[in-house]
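Here is the structure we will look at.
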Amino acid sequence: MRCGIDIINVNCIYKMLRKHRWNFLNSYYSKNELIEMKKRKKFNRKLEYLAGRFAGKEAIYKATQINFDPREVSILNDCDGKPYIRFDTHELPKHCISISHYKGMVVAFVVIENNEI
Ligand SMILES: CC(C)(COP(=O)(O)OP(=O)(O)OC[C@H]1O[C@@H](n2cnc3c(N)ncnc32)[C@H](O)[C@@H]1OP(=O)(O)O)[C@@H](O)C(=O)NCCC(=O)NCCS
């Protein structure tokens, strides 16, 4: 079993957005994540959503040690809001991810059953 964790301030995402705009979004997020982000009405919820995916992908890397293109990984939510990971290029073994936001900080935690992906 492997785990990975990452924490980020939403302000970092805001700064990257201001500096790089769509280049940042298109280079780090999957199409499905961008579609879901746009559904969040408040700007701050969009930032939190993006920060959760950013931290989640860093946590996936820490758990798997696999170099992947972040656009090929989607961290989506099921009908209850629970997040899950979808890799376009790999079969991901049994895993779980959890995300939390509080006062501008976002943390993501990933557990992978084994590391053979
Ligand atoms: C779903 C819930 C847990 C979210 O918690 P929160 O404190 O409002 O929000 P957080 O910032 O900690 O977490 C937000 C993240 O939770 C995750 N989440 C949402 N619904 C979830 C669910 N059903 N299961 C697991 N994770 C969930 C999402 O990843 C979300 O981030 P995202 O939208 O960027 O993907 C909360 O709204 C809820 O329903 N709580 C029930 C509380 C309860 O019954 N407590 C009893 C014991 S005290």
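Ordering of the structure tokens sets the chain letters (A, B, ...), residue numbers begin anew at 1 in every chain, and ligands are numbered from 1 in the order given.
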(message) From a backbone DSSP assignment, name each residue in region 42-71 of chain A labelled alpha helix (DSSP H), as a PyMOL selection string.
(response) chain A and resi 43-64
With C-alpha atoms retained, write the just-selected residues as a PDB file, in the first residue's frame.
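Output saved as selection-v1.pdb:
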ATOM      1  CA  PHE A  43     -15.204  32.050  -8.604  1.00  0.00           C
ATOM      2  CA  ASN A  44     -13.866  30.865  -5.260  1.00  0.00           C
ATOM      3  CA  ARG A  45     -15.463  27.433  -5.744  1.00  0.00           C
ATOM      4  CA  LYS A  46     -13.784  27.218  -9.146  1.00  0.00           C
ATOM      5  CA  LEU A  47     -10.435  27.997  -7.506  1.00  0.00           C
ATOM      6  CA  GLU A  48     -11.050  25.411  -4.769  1.00  0.00           C
ATOM      7  CA  TYR A  49     -12.030  22.843  -7.369  1.00  0.00           C
ATOM      8  CA  LEU A  50      -8.870  23.499  -9.381  1.00  0.00           C
ATOM      9  CA  ALA A  51      -6.703  23.503  -6.243  1.00  0.00           C
ATOM     10  CA  GLY A  52      -8.171  20.146  -5.166  1.00  0.00           C
ATOM     11  CA  ARG A  53      -7.284  18.607  -8.537  1.00  0.00           C
ATOM     12  CA  PHE A  54      -3.809  20.156  -8.431  1.00  0.00           C
ATOM     13  CA  ALA A  55      -3.104  18.794  -4.939  1.00  0.00           C
ATOM     14  CA  GLY A  56      -4.735  15.484  -5.903  1.00  0.00           C
ATOM     15  CA  LYS A  57      -2.386  14.971  -8.853  1.00  0.00           C
ATOM     16  CA  GLU A  58       0.655  15.782  -6.727  1.00  0.00           C
ATOM     17  CA  ALA A  59      -0.609  13.262  -4.161  1.00  0.00           C
ATOM     18  CA  ILE A  60      -1.126  10.638  -6.909  1.00  0.00           C
ATOM     19  CA  TYR A  61       2.469  11.156  -8.012  1.00  0.00           C
ATOM     20  CA  LYS A  62       3.694  10.750  -4.431  1.00  0.00           C
ATOM     21  CA  ALA A  63       1.690   7.556  -4.025  1.00  0.00           C
ATOM     22  CA  THR A  64       2.621   5.998  -7.384  1.00  0.00           C
TER      23      THR A  64
END
(request) Would you mind listing what lies within 7 Å of region 78-95 of chain A as a PyMOL selection string, with only C-alpha atoms counted and same-chain residues fewer than 6 positions away left out? (result) chain A and resi 72+111-114+117
File dump, residues just selected, N, CA and C atoms, as a short mmCIF file (atom, residue, chain, number, x, y, z; two decimals), in the first residue's frame:
data_model
loop_
_atom_site.label_atom_id
_atom_site.label_comp_id
_atom_site.auth_asym_id
_atom_site.auth_seq_id
_atom_site.Cartn_x
_atom_site.Cartn_y
_atom_site.Cartn_z
N GLU A 72 -4.03 13.77 -18.54
CA GLU A 72 -4.56 12.43 -18.79
C GLU A 72 -5.13 11.79 -17.52
N VAL A 111 -4.50 7.02 -1.41
CA VAL A 111 -3.97 5.71 -1.03
C VAL A 111 -4.13 4.78 -2.24
N ILE A 112 -3.04 4.08 -2.58
CA ILE A 112 -3.04 3.14 -3.71
C ILE A 112 -2.72 1.76 -3.15
N GLU A 113 -3.48 0.75 -3.60
CA GLU A 113 -3.29 -0.57 -3.01
C GLU A 113 -1.91 -1.15 -3.30
N ASN A 114 -1.46 -1.07 -4.55
CA ASN A 114 -0.07 -1.43 -4.83
C ASN A 114 0.44 -0.51 -5.91
N ILE A 117 1.34 0.09 -11.67
CA ILE A 117 0.40 0.62 -12.65
C ILE A 117 1.13 0.86 -13.97
#
As a tab-separated table (two decimals) with N, CA and C atoms, in the first residue's frame, please: the residues near Arg71 (chain A) (cut-off 10 Å, only C-alpha atoms, same-chain neighbours under 3 positions excluded).
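See result.tsv below for the written result:
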chain	number	residue	atom	x	y	z
A	25	LEU	N	-4.55	26.22	-17.47
A	25	LEU	CA	-5.68	25.27	-17.39
A	25	LEU	C	-5.51	24.13	-18.38
A	26	ASN	N	-5.12	24.48	-19.59
A	26	ASN	CA	-5.02	23.44	-20.63
A	26	ASN	C	-3.81	22.54	-20.47
A	27	SER	N	-2.84	22.97	-19.68
A	27	SER	CA	-1.66	22.11	-19.53
A	27	SER	C	-1.74	21.24	-18.28
A	28	TYR	N	-2.66	21.56	-17.36
A	28	TYR	CA	-2.68	20.80	-16.11
A	28	TYR	C	-3.97	20.02	-15.87
A	29	TYR	N	-5.04	20.41	-16.53
A	29	TYR	CA	-6.35	19.79	-16.22
A	29	TYR	C	-6.90	19.04	-17.43
A	30	SER	N	-7.64	17.96	-17.13
A	30	SER	CA	-8.27	17.21	-18.22
A	30	SER	C	-9.50	17.99	-18.72
A	31	LYS	N	-9.96	17.60	-19.91
A	31	LYS	CA	-11.16	18.27	-20.47
A	31	LYS	C	-12.35	18.12	-19.52
A	32	ASN	N	-12.50	16.92	-18.95
A	32	ASN	CA	-13.64	16.69	-18.06
A	32	ASN	C	-13.55	17.54	-16.79
A	33	GLU	N	-12.35	17.71	-16.28
A	33	GLU	CA	-12.20	18.55	-15.09
A	33	GLU	C	-12.56	20.01	-15.43
A	57	LYS	N	-3.34	15.56	-7.89
A	57	LYS	CA	-2.39	14.97	-8.85
A	57	LYS	C	-0.98	14.88	-8.25
A	68	PHE	N	3.30	11.17	-15.03
A	68	PHE	CA	2.16	11.13	-15.95
A	68	PHE	C	1.85	12.55	-16.41
A	74	SER	N	-8.04	12.44	-14.53
A	74	SER	CA	-9.18	13.25	-14.08
A	74	SER	C	-9.51	12.88	-12.65
A	87	PHE	N	-7.64	7.50	-14.75
A	87	PHE	CA	-6.43	7.61	-15.57
A	87	PHE	C	-6.80	7.25	-17.00
A	88	ASP	N	-6.43	8.06	-17.98
A	88	ASP	CA	-6.69	7.71	-19.38
A	88	ASP	C	-5.70	6.66	-19.87
(message) Using only C-alpha atoms and all ligand atoms, can you tell me which of A:Arg21, A:Gln65, A:Arg40, A:Cys12 comes closest to ligand 1?
(response) A:Arg40
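With CA of Gly104 (chain A) on one side and CA of Ile8 (chain A) on the other, the separation reads 8.5 Å.
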(message) With distances taken over only C-alpha atoms and all ligand atoms, which residue among A:Ser98, A:Val110, A:Lys42, A:Asn23 lies nearest ligand 1?
(response) A:Ser98
(request) Name the residues of chain A that come out as strand (DSSP E) in a backbone DSSP run; write them as a PyMOL selection string. (result) chain A and resi 2-9+73-77+83-87+95-102+105-112
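The residue that comes closest to ligand 1, out of A:Lys39, A:Arg2, A:His101, A:Lys19 and on the basis of only C-alpha atoms and all ligand atoms, is A:His101.
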